[in-house]
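*Asks:* This is the structure I have questions about; it appears just below.
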Amino acid sequence: KIYSEGIKKFKLKKAKVFIEHAKGYVPLGKPSIIIAVSCKHRSEAYKLSRYLIEQIKIRAPIWKKEYYKNQKSEWLKGTSIRIK
């Protein structure tokens, strides 16, 4: 859905996209998401990839637990999986 919205928003016809998000524990400093975008012009690819990552961060039901140097940890607020 986010992909379709981005294609419509930027009026792209031949963009190709690959997105994969890690599941489970991701070590500090390691990537948790890969987004690859192919478009006719790189400026279009940059716009679409930025839109995709920002929308995923806002809307995808992803939760994460942060661990701190003082041995404490906390779950950060996630996005609900309920459809609005």
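Ordering of the structure tokens sets the chain letters (A, B, ...), residue numbers begin anew at 1 in every chain, and ligands are numbered from 1 in the order given.
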Please provide as a list in words all residues within 12 Å of A:Ile7, with the sequence filter that same-chain residues fewer than 3 positions apart are discarded (counting only C-alpha atoms).

*Replies:*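 After dropping sequence-adjacent residues, the list is Lys1, Ile2, Tyr3, Ser4, Phe10, Lys11, Leu12, Lys13, Lys14, Ala15, Lys16, Val17, Val37, Ser38, Cys39, Glu44, Ala45, Lys47, Leu48, Ser49, Tyr51 and Leu52 of chain A.
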
*Asks:* Go through A:Phe18, A:Ile53, A:Ile62, A:Gly24 and flag the residue nearest A:Ala36, using only C-alpha atoms for the distances.

*Replies:*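 Of the candidates, the smallest distance to A:Ala36 is held by A:Phe18.
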
*Asks:* Can you tell me how far atom CA of A:Tyr25 sits from atom CA of A:Lys64, in Å to one decimal?

*Replies:* 9.0 Å

*Asks:* Please return as a ChimeraX atom specification: the residues of stretch 38-81 of chain A that backbone DSSP assigns to strand (DSSP E).

*Replies:* /A:38,65-67,73-75

*Asks:* Do you know which residues are at most 12 Å from A:Pro27 counting only C-alpha atoms, after dropping those on the same chain fewer than 3 positions away, and could you put them as a VMD selection string?

*Replies:* chain A and resid 22 to 24 30 to 32 64 to 67

*Asks:* So which one's closest to A:Trp75, A:Glu5, A:Lys40, A:Ile56, A:Trp63? Using only C-alpha atoms, please.

*Replies:*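 Of A:Glu5, A:Lys40, A:Ile56, A:Trp63, the one nearest A:Trp75 is A:Trp63, counting only C-alpha atoms.
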
*Asks:* Write out as a PyMOL selection string all residues of chain A that DSSP puts in helix (DSSP H, G or I) for this structure's backbone.

*Replies:* chain A and resi 2-9+42-59

*Asks:* Could you tell me how far atom CA of A:Ile35 lies from atom CA of A:Gly78, in Å and to one decimal?

*Replies:* 20.6 Å

*Asks:* Of the residues A:Lys72, A:Lys9, A:Leu28, A:Lys77, which is the one nearest to A:Lys57, using only C-alpha atoms?

*Replies:*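 Checking each of A:Lys72, A:Lys9, A:Leu28, A:Lys77 against A:Lys57, counting only C-alpha atoms, the winner is A:Lys77.
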
*Asks:* Which of these residues is nearest to A:Glu20, using only C-alpha atoms: A:Lys8, A:Gln71, A:Ile34, A:Ala60?

*Replies:*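 The answer is A:Ile34, which sits nearest to A:Glu20.
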
*Asks:* Looking at only C-alpha atoms, which of A:Arg50, A:Pro61, A:Gly6, A:Arg42 is the one that sits closest to A:His21?

*Replies:*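 Between A:Arg50, A:Pro61, A:Gly6, A:Arg42, the residue approaching A:His21 most closely is A:Pro61.
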